[in-house]
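Data block for query-v2.txt (compact mmCIF, C-alpha atoms):
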# COMPACT_ATOMS: atom_id res chain seq x y z
CA MET A 1 -12.83 -9.43 3.74
CA ALA A 2 -11.08 -7.54 0.98
CA VAL A 3 -8.80 -4.71 2.09
CA ALA A 4 -7.43 -1.92 -0.05
CA TRP A 5 -5.55 -0.07 2.69
CA HIS A 6 -2.62 -2.06 4.04
CA THR A 7 1.17 -1.88 4.29
CA SER A 8 4.27 -3.36 5.83
CA ILE A 9 5.39 -1.29 8.83
CA SER A 10 8.61 -2.84 10.21
CA PHE A 11 11.33 -5.32 9.21
CA VAL A 12 12.42 -6.32 12.75
CA PRO A 13 10.11 -7.50 14.09
CA PRO A 14 8.12 -8.00 10.87
CA LEU A 15 4.92 -5.99 11.32
CA TYR A 16 1.99 -5.54 8.94
CA GLY A 17 -0.81 -3.01 9.24
CA ILE A 18 -4.36 -2.98 7.92
CA ALA A 19 -6.89 -0.15 8.06
CA ILE A 20 -10.32 -1.62 8.71
CA SER A 21 -13.70 -0.18 9.62
CA PRO A 22 -14.73 -1.19 13.15
CA LYS A 23 -18.16 -2.08 11.71
CA ARG A 24 -16.75 -5.09 9.85
CA PHE A 25 -17.37 -8.64 10.97
CA THR A 26 -13.66 -9.29 10.34
CA TYR A 27 -12.77 -6.58 12.87
CA LYS A 28 -14.73 -8.45 15.53
CA LEU A 29 -12.96 -11.71 14.59
CA ILE A 30 -9.57 -10.01 14.93
CA VAL A 31 -10.36 -8.38 18.28
CA ASP A 32 -11.75 -11.64 19.66
CA SER A 33 -9.01 -13.96 18.37
CA LYS A 34 -6.05 -11.51 18.59
CA GLU A 35 -4.79 -12.79 15.25
CA PHE A 36 -5.43 -12.35 11.53
CA GLY A 37 -4.32 -13.65 8.13
CA VAL A 38 -3.32 -11.62 5.08
CA ASN A 39 -3.74 -13.35 1.71
CA PHE A 40 -2.41 -12.02 -1.61
CA LEU A 41 -4.42 -13.29 -4.56
CA PRO A 42 -3.56 -13.61 -8.26
CA PHE A 43 -5.44 -11.60 -10.85
CA ASP A 44 -7.42 -14.61 -12.01
CA GLU A 45 -8.98 -14.60 -8.52
CA ALA A 46 -10.01 -10.91 -8.67
CA GLU A 47 -13.65 -12.02 -8.90
CA LEU A 48 -13.25 -13.75 -5.52
CA VAL A 49 -11.82 -10.54 -4.05
CA ALA A 50 -14.87 -8.62 -5.34
CA SER A 51 -17.21 -11.30 -3.98
CA VAL A 52 -15.62 -11.26 -0.54
CA GLY A 53 -15.51 -7.45 -0.61
CA GLY A 54 -19.16 -7.18 -1.59
CA SER A 55 -20.63 -9.42 1.11
CA SER A 56 -20.67 -9.43 4.89
CA GLY A 57 -19.72 -12.08 7.41
CA TRP A 58 -22.55 -10.71 9.58
CA GLU A 59 -24.94 -12.22 7.01
CA ILE A 60 -23.29 -15.21 5.33
CA ASP A 61 -20.46 -17.73 5.71
CA LYS A 62 -18.23 -16.55 2.86
CA PHE A 63 -16.10 -19.70 2.85
CA ARG A 64 -19.22 -21.75 2.17
CA GLN A 65 -20.95 -19.25 -0.14
CA PHE A 66 -17.90 -18.75 -2.39
CA ASN A 67 -16.48 -22.23 -1.95
CA ILE A 68 -13.09 -20.96 -0.74
CA ALA A 69 -10.41 -23.63 -0.33
CA ARG A 70 -8.06 -23.32 2.66
CA ASP A 71 -4.57 -24.41 3.54
CA LYS A 72 -3.54 -25.17 7.11
CA PRO A 73 -2.00 -22.36 9.14
CA VAL A 74 1.12 -23.35 11.08
CA LYS A 75 1.28 -20.98 14.08
CA THR A 76 -2.23 -19.56 14.37
CA GLN A 77 -5.81 -20.42 13.48
CA VAL A 78 -6.14 -17.77 10.75
CA PRO A 79 -7.54 -18.53 7.28
CA ILE A 80 -4.85 -19.24 4.68
CA LEU A 81 -6.26 -19.47 1.16
CA LYS A 82 -5.12 -22.14 -1.29
CA ALA A 83 -5.44 -19.59 -4.10
CA ALA A 84 -3.00 -17.13 -2.48
CA TYR A 85 0.50 -16.78 -3.96
CA ALA A 86 1.59 -15.36 -0.57
CA ALA A 87 -0.02 -15.26 2.85
CA TYR A 88 0.93 -14.05 6.32
CA GLU A 89 -0.16 -15.34 9.72
CA CYS A 90 -0.22 -12.38 12.12
CA ARG A 91 -0.58 -11.99 15.87
CA LEU A 92 -2.24 -8.74 16.89
CA VAL A 93 0.13 -6.27 18.54
CA ASP A 94 -1.88 -3.04 18.27
CA ASP A 95 -5.37 -1.83 17.41
CA ARG A 96 -5.79 1.91 17.27
CA GLY A 97 -8.55 4.21 16.03
CA TYR A 98 -7.71 6.75 13.32
CA GLY A 99 -10.76 8.66 12.09
CA ASP A 100 -13.40 6.23 10.79
CA HIS A 101 -11.01 3.23 10.68
CA GLN A 102 -8.97 1.11 13.06
CA LEU A 103 -5.34 0.47 12.26
CA VAL A 104 -4.78 -3.17 13.14
CA VAL A 105 -1.08 -4.06 13.41
CA GLY A 106 0.13 -7.65 13.56
CA GLU A 107 3.47 -9.38 13.90
CA ILE A 108 4.01 -11.78 11.00
CA VAL A 109 4.70 -15.11 12.72
CA ALA A 110 4.49 -17.35 9.65
CA VAL A 111 4.72 -16.84 5.88
CA HIS A 112 3.22 -19.05 3.18
CA LEU A 113 4.70 -18.62 -0.29
CA LEU A 114 4.04 -20.27 -3.62
CA LYS A 115 7.79 -20.79 -4.00
CA GLU A 116 7.85 -21.07 -7.78
CA ALA A 117 6.19 -17.66 -8.04
CA PHE A 118 9.21 -15.87 -6.58
CA SER A 119 12.54 -14.98 -8.14
CA PRO A 120 15.96 -15.56 -6.54
CA GLU A 121 15.85 -11.85 -5.50
CA GLU A 122 12.69 -12.71 -3.53
CA THR A 123 10.46 -10.51 -5.66
CA LEU A 124 7.31 -11.78 -7.31
CA ASP A 125 8.07 -13.33 -10.72
CA LEU A 126 5.45 -11.70 -12.92
CA ALA A 127 5.97 -14.27 -15.65
CA LYS A 128 4.58 -16.81 -13.17
CA VAL A 129 1.94 -14.89 -11.22
CA SER A 130 0.00 -11.69 -11.96
CA PRO A 131 -1.01 -10.01 -8.70
CA THR A 132 -4.44 -8.50 -8.10
CA LEU A 133 -4.23 -4.72 -7.75
CA TYR A 134 -7.14 -2.42 -6.92
CA LEU A 135 -7.56 0.89 -8.73
CA GLY A 136 -10.69 1.99 -6.82
CA SER A 137 -14.33 2.26 -7.90
CA GLU A 138 -14.71 -1.52 -8.44
CA ARG A 139 -11.82 -1.64 -10.92
CA TYR A 140 -9.18 -4.36 -10.64
CA LEU A 141 -6.01 -4.67 -12.64
CA THR A 142 -2.57 -6.22 -12.51
CA ALA A 143 1.07 -5.21 -12.84
CA SER A 144 2.66 -5.05 -16.25
CA SER A 145 5.33 -7.72 -16.69
CA GLU A 146 6.68 -6.09 -19.84
CA ALA A 147 8.63 -3.09 -18.65
CA ILE A 148 10.41 -3.78 -15.39
CA LYS A 149 13.13 -1.23 -14.73
CA TYR A 150 16.06 -2.33 -12.59
CA LEU A 151 17.24 0.92 -11.01
CA ASP A 152 20.07 0.36 -8.56
CA ARG A 153 19.76 2.96 -5.80
CA GLU A 154 23.54 2.98 -5.39
CA VAL A 155 23.88 4.17 -8.98
CA TYR A 156 20.87 6.49 -9.21
CA GLY A 157 21.48 7.98 -5.78
CA LYS A 158 24.74 9.48 -7.06
CA GLY A 159 22.79 11.49 -9.63
CA MET B 1 12.66 10.34 0.17
CA ALA B 2 11.10 7.38 -1.60
CA VAL B 3 8.68 5.31 0.47
CA ALA B 4 7.43 1.82 -0.30
CA TRP B 5 5.30 1.39 2.83
CA HIS B 6 2.31 3.72 2.90
CA THR B 7 -1.48 3.59 2.88
CA SER B 8 -4.69 5.53 3.32
CA ILE B 9 -6.09 5.02 6.82
CA SER B 10 -9.37 6.96 7.08
CA PHE B 11 -11.96 8.65 4.86
CA VAL B 12 -13.31 11.13 7.48
CA PRO B 13 -11.10 12.83 8.34
CA PRO B 14 -8.84 11.88 5.40
CA LEU B 15 -5.73 10.34 6.98
CA TYR B 16 -2.63 8.94 5.31
CA GLY B 17 0.09 6.85 6.94
CA ILE B 18 3.73 6.30 6.07
CA ALA B 19 6.19 3.90 7.68
CA ILE B 20 9.60 5.55 7.89
CA SER B 21 12.85 4.77 9.61
CA PRO B 22 13.61 7.26 12.40
CA LYS B 23 17.16 7.47 11.00
CA ARG B 24 15.97 9.29 7.88
CA PHE B 25 16.56 12.99 7.33
CA THR B 26 12.94 13.21 6.17
CA TYR B 27 11.78 11.92 9.55
CA LYS B 28 13.54 14.82 11.25
CA LEU B 29 11.93 17.27 8.80
CA ILE B 30 8.48 15.84 9.59
CA VAL B 31 8.97 15.89 13.36
CA ASP B 32 10.30 19.46 13.25
CA SER B 33 7.72 20.89 10.84
CA LYS B 34 4.71 18.76 11.86
CA GLU B 35 3.76 18.37 8.22
CA PHE B 36 4.70 16.32 5.16
CA GLY B 37 3.89 15.94 1.47
CA VAL B 38 3.12 12.73 -0.43
CA ASN B 39 3.85 12.77 -4.16
CA PHE B 40 2.77 10.07 -6.63
CA LEU B 41 5.04 9.93 -9.67
CA PRO B 42 4.51 8.53 -13.15
CA PHE B 43 6.57 5.59 -14.40
CA ASP B 44 8.69 7.80 -16.62
CA GLU B 45 9.94 9.39 -13.38
CA ALA B 46 10.93 6.06 -11.77
CA GLU B 47 14.58 7.01 -12.17
CA LEU B 48 13.94 10.07 -9.98
CA VAL B 49 12.33 7.83 -7.35
CA ALA B 50 15.43 5.61 -7.37
CA SER B 51 17.71 8.65 -7.16
CA VAL B 52 15.84 10.12 -4.22
CA GLY B 53 15.66 6.69 -2.57
CA GLY B 54 19.37 6.09 -3.03
CA SER B 55 20.65 9.32 -1.52
CA SER B 56 20.37 11.03 1.86
CA GLY B 57 19.26 14.51 2.82
CA TRP B 58 21.87 14.32 5.60
CA GLU B 59 24.49 14.57 2.83
CA ILE B 60 23.04 16.45 -0.13
CA ASP B 61 20.24 18.81 -1.16
CA LYS B 62 18.26 16.44 -3.37
CA PHE B 63 16.18 19.21 -4.96
CA ARG B 64 19.38 20.79 -6.25
CA GLN B 65 21.25 17.56 -7.02
CA PHE B 66 18.42 16.05 -9.05
CA ASN B 67 17.01 19.33 -10.36
CA ILE B 68 13.52 18.66 -8.97
CA ALA B 69 10.86 21.18 -10.02
CA ARG B 70 8.27 22.19 -7.43
CA ASP B 71 4.72 23.49 -7.42
CA LYS B 72 3.42 25.75 -4.69
CA PRO B 73 1.68 24.12 -1.74
CA VAL B 74 -1.57 25.81 -0.71
CA LYS B 75 -2.04 25.06 2.99
CA THR B 76 1.42 23.98 4.20
CA GLN B 77 5.09 24.43 3.30
CA VAL B 78 5.59 20.82 2.10
CA PRO B 79 7.27 19.97 -1.21
CA ILE B 80 4.83 19.40 -4.07
CA LEU B 81 6.52 18.05 -7.18
CA LYS B 82 5.64 19.30 -10.66
CA ALA B 83 6.15 15.77 -11.99
CA ALA B 84 3.53 14.26 -9.64
CA TYR B 85 0.17 13.19 -11.08
CA ALA B 86 -1.24 13.44 -7.54
CA ALA B 87 0.08 14.91 -4.30
CA TYR B 88 -1.17 15.38 -0.76
CA GLU B 89 -0.35 18.06 1.77
CA CYS B 90 -0.56 16.50 5.24
CA ARG B 91 -0.52 17.86 8.78
CA LEU B 92 0.99 15.44 11.28
CA VAL B 93 -1.56 13.91 13.67
CA ASP B 94 0.40 10.94 15.04
CA ASP B 95 3.95 9.56 15.12
CA ARG B 96 4.30 6.16 16.71
CA GLY B 97 7.09 3.61 16.87
CA TYR B 98 6.45 0.10 15.53
CA GLY B 99 9.53 -2.10 15.52
CA ASP B 100 12.31 -0.46 13.51
CA HIS B 101 10.01 2.13 11.86
CA GLN B 102 7.82 5.06 12.86
CA LEU B 103 4.27 5.20 11.56
CA VAL B 104 3.72 8.82 10.65
CA VAL B 105 0.03 9.68 10.20
CA GLY B 106 -1.12 12.92 8.61
CA GLU B 107 -4.43 14.56 7.86
CA ILE B 108 -4.68 15.39 4.16
CA VAL B 109 -5.45 19.11 4.14
CA ALA B 110 -4.93 19.75 0.41
CA VAL B 111 -4.85 17.58 -2.72
CA HIS B 112 -3.11 18.39 -5.99
CA LEU B 113 -4.29 16.41 -9.01
CA LEU B 114 -3.32 16.41 -12.65
CA LYS B 115 -7.01 16.61 -13.55
CA GLU B 116 -6.76 15.17 -17.04
CA ALA B 117 -5.15 12.02 -15.60
CA PHE B 118 -8.31 11.03 -13.74
CA SER B 119 -11.52 9.47 -15.02
CA PRO B 120 -15.04 10.64 -14.14
CA GLU B 121 -15.08 7.80 -11.55
CA GLU B 122 -12.10 9.52 -9.88
CA THR B 123 -9.73 6.65 -10.62
CA LEU B 124 -6.44 7.09 -12.41
CA ASP B 125 -6.88 6.93 -16.20
CA LEU B 126 -4.11 4.54 -17.19
CA ALA B 127 -4.36 5.60 -20.81
CA LYS B 128 -3.13 9.01 -19.66
CA VAL B 129 -0.71 8.21 -16.82
CA SER B 130 1.24 5.07 -15.89
CA PRO B 131 1.93 5.05 -12.14
CA THR B 132 5.28 4.04 -10.65
CA LEU B 133 4.96 0.81 -8.66
CA TYR B 134 7.74 -0.81 -6.64
CA LEU B 135 8.26 -4.56 -6.73
CA GLY B 136 11.16 -4.63 -4.27
CA SER B 137 14.90 -5.28 -4.81
CA GLU B 138 15.38 -2.15 -6.96
CA ARG B 139 12.72 -3.20 -9.46
CA TYR B 140 10.13 -0.70 -10.65
CA LEU B 141 7.14 -1.38 -12.83
CA THR B 142 3.74 -0.02 -13.70
CA ALA B 143 0.11 -1.13 -13.84
CA SER B 144 -1.19 -2.84 -16.93
CA SER B 145 -3.75 -0.71 -18.76
CA GLU B 146 -4.86 -3.60 -20.95
CA ALA B 147 -6.97 -5.81 -18.71
CA ILE B 148 -8.99 -3.75 -16.26
CA LYS B 149 -11.83 -5.79 -14.76
CA TYR B 150 -14.90 -3.89 -13.61
CA LEU B 151 -16.27 -6.12 -10.84
CA ASP B 152 -19.28 -4.57 -9.14
CA ARG B 153 -19.26 -5.65 -5.49
CA GLU B 154 -23.06 -5.54 -5.44
CA VAL B 155 -23.13 -8.22 -8.13
CA TYR B 156 -20.16 -10.34 -7.02
CA GLY B 157 -21.09 -10.14 -3.35
CA LYS B 158 -24.24 -12.10 -4.11
CA GLY B 159 -22.13 -15.03 -5.34
Please, can you express the file's structure as structure tokens?
Amino acid sequence: MAVAWHTSISFVPPLYGIAISPKRFTYKLIVDSKEFGVNFLPFDEAELVASVGGSSGWEIDKFRQFNIARDKPVKTQVPILKAAYAAYECRLVDDRGYGDHQLVVGEIVAVHLLKEAFSPEETLDLAKVSPTLYLGSERYLTASSEAIKYLDREVYGKG
Amino acid sequence: MAVAWHTSISFVPPLYGIAISPKRFTYKLIVDSKEFGVNFLPFDEAELVASVGGSSGWEIDKFRQFNIARDKPVKTQVPILKAAYAAYECRLVDDRGYGDHQLVVGEIVAVHLLKEAFSPEETLDLAKVSPTLYLGSERYLTASSEAIKYLDREVYGKG
């Protein structure tokens, strides 16, 4: 599935959270398997994100329908996509209802990175990979690589 | 404070979640007041984000130190920033520890929008406002307004 609502939650242990409707096929997979994968896709794969977001695993096998290539996970059985510039393998640690969604929280037990896409500071190198961002209302975009501001908090925090 | 880890969680009721270290002064303010504001700032205010992120309310009054102008909240007493292109007033509904952070969840009870910054589809109009995005490691950037892809899930979901 495609998710728009997700965030890191903790450094130690490394936890990641995803807000997901309990109606989704993916939610059933997560509850049954107690694990999930998180894949970050480049902008030239935005069409795949829209395809996966616009179809349901209750009706079709998306891996077959959209011809999605997989890499092997190392600690779980979750899907890791070849097209991802970064991917997490997560083990479920919490699943809690908030309004019309469930917040699914997983511990990141393995990380897959396209190493050449990251800088020595461990941030994404935008000259190498443009990430897919979602604006809402079916609109996808990417980050601008032109105007990165380096703003040292130690300097700016002094005002 | 500046937060990098945050997400929408539910449509009905509208819930918003923020991962915050319990050591933060802001965390104490939220626990004591049972409410919090979320302000989204344009890229030309990224320096303010770095300033607020690099200093502590335990030590200084950031509103005074950084000369931060406020608008009036309508349903709470939370800080709404004049510079924000969007802001939420939230009432605390949950506060839960996950690893080294607390996930603070609030119901959005009022929304402040710079109306001219939004399109008829209710997405941010990037020709009018560039949002502040955080890449990590003190690096701030914005979204590219040049290559927005409109990818209708109804079309792409059919493969």
Chain B fitted onto chain A, all C-alpha pairs in order, as a compact mmCIF listing (two decimals) with C-alpha atoms, in the frame of the given file:
# COMPACT_ATOMS: atom_id res chain seq x y z
CA MET B 1 -12.83 -9.41 3.73
CA ALA B 2 -11.07 -7.53 0.96
CA VAL B 3 -8.79 -4.70 2.08
CA ALA B 4 -7.41 -1.91 -0.07
CA TRP B 5 -5.54 -0.08 2.70
CA HIS B 6 -2.62 -2.07 4.06
CA THR B 7 1.16 -1.88 4.30
CA SER B 8 4.28 -3.36 5.83
CA ILE B 9 5.40 -1.30 8.83
CA SER B 10 8.60 -2.85 10.21
CA PHE B 11 11.34 -5.31 9.21
CA VAL B 12 12.41 -6.32 12.77
CA PRO B 13 10.11 -7.49 14.11
CA PRO B 14 8.12 -8.01 10.88
CA LEU B 15 4.92 -5.99 11.33
CA TYR B 16 2.00 -5.55 8.96
CA GLY B 17 -0.81 -3.00 9.24
CA ILE B 18 -4.35 -2.98 7.92
CA ALA B 19 -6.89 -0.16 8.06
CA ILE B 20 -10.34 -1.60 8.71
CA SER B 21 -13.70 -0.20 9.61
CA PRO B 22 -14.74 -1.19 13.15
CA LYS B 23 -18.17 -2.07 11.70
CA ARG B 24 -16.76 -5.08 9.84
CA PHE B 25 -17.37 -8.64 10.97
CA THR B 26 -13.67 -9.29 10.34
CA TYR B 27 -12.77 -6.59 12.86
CA LYS B 28 -14.73 -8.46 15.53
CA LEU B 29 -12.97 -11.71 14.58
CA ILE B 30 -9.57 -10.01 14.93
CA VAL B 31 -10.37 -8.37 18.27
CA ASP B 32 -11.76 -11.64 19.66
CA SER B 33 -9.01 -13.95 18.38
CA LYS B 34 -6.06 -11.53 18.58
CA GLU B 35 -4.80 -12.79 15.25
CA PHE B 36 -5.44 -12.35 11.52
CA GLY B 37 -4.32 -13.66 8.14
CA VAL B 38 -3.33 -11.63 5.07
CA ASN B 39 -3.74 -13.35 1.71
CA PHE B 40 -2.41 -12.03 -1.61
CA LEU B 41 -4.41 -13.31 -4.57
CA PRO B 42 -3.56 -13.61 -8.25
CA PHE B 43 -5.45 -11.59 -10.85
CA ASP B 44 -7.42 -14.60 -12.01
CA GLU B 45 -8.97 -14.59 -8.52
CA ALA B 46 -10.03 -10.91 -8.66
CA GLU B 47 -13.65 -12.02 -8.90
CA LEU B 48 -13.25 -13.75 -5.52
CA VAL B 49 -11.83 -10.54 -4.06
CA ALA B 50 -14.87 -8.63 -5.33
CA SER B 51 -17.22 -11.29 -3.97
CA VAL B 52 -15.63 -11.25 -0.54
CA GLY B 53 -15.52 -7.44 -0.59
CA GLY B 54 -19.17 -7.18 -1.58
CA SER B 55 -20.63 -9.42 1.10
CA SER B 56 -20.67 -9.42 4.90
CA GLY B 57 -19.71 -12.08 7.41
CA TRP B 58 -22.54 -10.71 9.58
CA GLU B 59 -24.93 -12.23 7.01
CA ILE B 60 -23.27 -15.21 5.34
CA ASP B 61 -20.44 -17.73 5.72
CA LYS B 62 -18.24 -16.56 2.85
CA PHE B 63 -16.09 -19.71 2.86
CA ARG B 64 -19.20 -21.76 2.15
CA GLN B 65 -20.93 -19.26 -0.14
CA PHE B 66 -17.91 -18.77 -2.39
CA ASN B 67 -16.46 -22.26 -1.96
CA ILE B 68 -13.09 -20.96 -0.73
CA ALA B 69 -10.40 -23.63 -0.31
CA ARG B 70 -8.06 -23.32 2.66
CA ASP B 71 -4.55 -24.41 3.55
CA LYS B 72 -3.53 -25.18 7.10
CA PRO B 73 -2.01 -22.36 9.14
CA VAL B 74 1.11 -23.34 11.09
CA LYS B 75 1.28 -21.00 14.08
CA THR B 76 -2.24 -19.56 14.38
CA GLN B 77 -5.83 -20.44 13.48
CA VAL B 78 -6.16 -17.77 10.75
CA PRO B 79 -7.54 -18.53 7.28
CA ILE B 80 -4.86 -19.25 4.69
CA LEU B 81 -6.25 -19.48 1.17
CA LYS B 82 -5.11 -22.14 -1.29
CA ALA B 83 -5.44 -19.59 -4.10
CA ALA B 84 -2.99 -17.14 -2.47
CA TYR B 85 0.50 -16.76 -3.95
CA ALA B 86 1.60 -15.37 -0.57
CA ALA B 87 -0.02 -15.25 2.86
CA TYR B 88 0.92 -14.06 6.33
CA GLU B 89 -0.16 -15.33 9.71
CA CYS B 90 -0.21 -12.37 12.12
CA ARG B 91 -0.57 -12.00 15.87
CA LEU B 92 -2.24 -8.75 16.88
CA VAL B 93 0.13 -6.26 18.54
CA ASP B 94 -1.88 -3.03 18.26
CA ASP B 95 -5.39 -1.83 17.41
CA ARG B 96 -5.81 1.92 17.27
CA GLY B 97 -8.55 4.21 16.03
CA TYR B 98 -7.73 6.76 13.32
CA GLY B 99 -10.75 8.66 12.07
CA ASP B 100 -13.39 6.23 10.78
CA HIS B 101 -11.01 3.22 10.67
CA GLN B 102 -8.97 1.10 13.06
CA LEU B 103 -5.33 0.46 12.26
CA VAL B 104 -4.77 -3.17 13.12
CA VAL B 105 -1.08 -4.07 13.42
CA GLY B 106 0.14 -7.65 13.55
CA GLU B 107 3.47 -9.39 13.90
CA ILE B 108 4.01 -11.79 11.00
CA VAL B 109 4.70 -15.10 12.72
CA ALA B 110 4.48 -17.36 9.64
CA VAL B 111 4.71 -16.83 5.88
CA HIS B 112 3.23 -19.05 3.19
CA LEU B 113 4.70 -18.62 -0.29
CA LEU B 114 4.04 -20.27 -3.61
CA LYS B 115 7.79 -20.78 -4.01
CA GLU B 116 7.86 -21.07 -7.78
CA ALA B 117 6.20 -17.64 -8.05
CA PHE B 118 9.21 -15.86 -6.58
CA SER B 119 12.55 -14.97 -8.15
CA PRO B 120 15.96 -15.55 -6.54
CA GLU B 121 15.84 -11.85 -5.51
CA GLU B 122 12.69 -12.70 -3.50
CA THR B 123 10.45 -10.51 -5.65
CA LEU B 124 7.31 -11.78 -7.32
CA ASP B 125 8.07 -13.33 -10.72
CA LEU B 126 5.44 -11.69 -12.91
CA ALA B 127 5.97 -14.26 -15.63
CA LYS B 128 4.58 -16.81 -13.18
CA VAL B 129 1.95 -14.87 -11.22
CA SER B 130 -0.01 -11.69 -11.96
CA PRO B 131 -1.01 -10.00 -8.69
CA THR B 132 -4.45 -8.50 -8.10
CA LEU B 133 -4.23 -4.71 -7.76
CA TYR B 134 -7.14 -2.41 -6.92
CA LEU B 135 -7.58 0.89 -8.73
CA GLY B 136 -10.67 2.00 -6.81
CA SER B 137 -14.34 2.26 -7.90
CA GLU B 138 -14.70 -1.51 -8.44
CA ARG B 139 -11.82 -1.64 -10.92
CA TYR B 140 -9.19 -4.36 -10.64
CA LEU B 141 -6.01 -4.67 -12.63
CA THR B 142 -2.58 -6.21 -12.51
CA ALA B 143 1.07 -5.21 -12.83
CA SER B 144 2.66 -5.04 -16.24
CA SER B 145 5.32 -7.71 -16.69
CA GLU B 146 6.67 -6.09 -19.85
CA ALA B 147 8.63 -3.07 -18.67
CA ILE B 148 10.39 -3.77 -15.40
CA LYS B 149 13.14 -1.22 -14.74
CA TYR B 150 16.06 -2.34 -12.61
CA LEU B 151 17.24 0.92 -11.03
CA ASP B 152 20.06 0.36 -8.57
CA ARG B 153 19.76 2.97 -5.81
CA GLU B 154 23.54 2.97 -5.40
CA VAL B 155 23.89 4.15 -8.99
CA TYR B 156 20.88 6.49 -9.20
CA GLY B 157 21.49 7.97 -5.77
CA LYS B 158 24.74 9.45 -7.06
CA GLY B 159 22.79 11.47 -9.65
Please produce, as a tab-separated table, a per-residue contact table for chain B versus chain A (criterion: any atom at most 6 Å away, only C-alpha atoms considered), showing the nearest atom pair and its distance in Å to one decimal, sorted by chain then residue number.
residue	atom	partner	partner_atom	distance
B:Trp5	CA	A:Thr7	CA	5.5
B:His6	CA	A:Thr7	CA	5.9
B:Thr7	CA	A:Trp5	CA	5.5
B:Ser8	CA	A:Trp5	CA	5.7
B:Ile9	CA	A:Ala19	CA	5.4
B:Ser10	CA	A:His101	CA	5.4
B:Val12	CA	A:Gly99	CA	5.8
B:Pro13	CA	A:Gly99	CA	5.6
B:Ala19	CA	A:Ile9	CA	5.4
B:Ala50	CA	A:Arg153	CA	5.3
B:Ser51	CA	A:Gly157	CA	4.1
B:Gly54	CA	A:Gly157	CA	3.9
B:Ser55	CA	A:Gly157	CA	4.5
B:Gly99	CA	A:Ser10	CA	5.4
B:Asp100	CA	A:Ser10	CA	5.5
B:His101	CA	A:Ser10	CA	5.4
B:Glu138	CA	A:Leu151	CA	5.4
B:Arg139	CA	A:Tyr150	CA	4.7
B:Tyr140	CA	A:Lys149	CA	5.1
B:Leu141	CA	A:Ile148	CA	4.8
B:Thr142	CA	A:Ser144	CA	5.7
B:Ala143	CA	A:Ala143	CA	4.3
B:Ser144	CA	A:Ser144	CA	4.5
B:Ile148	CA	A:Leu141	CA	4.8
B:Lys149	CA	A:Tyr140	CA	5.1
B:Tyr150	CA	A:Arg139	CA	4.7
B:Leu151	CA	A:Glu138	CA	5.4
B:Asp152	CA	A:Glu138	CA	5.5
B:Arg153	CA	A:Gly54	CA	4.2
B:Glu154	CA	A:Gly54	CA	5.7
B:Tyr156	CA	A:Ser51	CA	4.3
B:Gly157	CA	A:Gly54	CA	3.9
Mind working out the centre and edge lengths of an axis-aligned box for segment 9-20 of chain B, all listed atoms inside, 3 Å added to each side, rounded to one decimal in Å and written as JSON?
{"center_x": -1.9, "center_y": 8.4, "center_z": 6.6, "size_x": 28.9, "size_y": 14.9, "size_z": 9.5}
Nearest to Leu41 of chain B by atom-to-atom distance, counting all atoms listed in the file, from B:Ala84, B:Leu92, B:Ala2, B:Val104: B:Ala84
My structure is short of atoms at segment 27-34 of chain B; please model N, CA, C and O atoms there, returning them as a CSV table (one decimal), in the coordinates of the input.
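Heads up, here's the output in part17.csv:
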chain,number,residue,atom,x,y,z
B,27,TYR,N,12.5,12.1,8.3
B,27,TYR,CA,11.8,11.9,9.6
B,27,TYR,C,12.0,13.1,10.4
B,27,TYR,O,11.1,13.7,11.0
B,28,LYS,N,13.2,13.6,10.5
B,28,LYS,CA,13.5,14.8,11.2
B,28,LYS,C,12.7,16.0,10.7
B,28,LYS,O,12.2,16.8,11.5
B,29,LEU,N,12.7,16.2,9.4
B,29,LEU,CA,11.9,17.3,8.8
B,29,LEU,C,10.5,17.2,9.2
B,29,LEU,O,9.8,18.2,9.5
B,30,ILE,N,9.9,16.0,9.2
B,30,ILE,CA,8.5,15.8,9.6
B,30,ILE,C,8.3,16.2,11.1
B,30,ILE,O,7.3,16.9,11.4
B,31,VAL,N,9.1,15.6,11.9
B,31,VAL,CA,9.0,15.9,13.4
B,31,VAL,C,9.1,17.4,13.7
B,31,VAL,O,8.3,18.0,14.4
B,32,ASP,N,10.1,18.0,13.0
B,32,ASP,CA,10.3,19.5,13.2
B,32,ASP,C,9.2,20.3,12.7
B,32,ASP,O,8.8,21.3,13.4
B,33,SER,N,8.7,20.0,11.5
B,33,SER,CA,7.7,20.9,10.8
B,33,SER,C,6.3,20.5,11.1
B,33,SER,O,5.4,21.3,10.9
B,34,LYS,N,6.1,19.3,11.6
B,34,LYS,CA,4.7,18.8,11.9
B,34,LYS,C,3.9,18.7,10.6
B,34,LYS,O,2.6,18.8,10.7
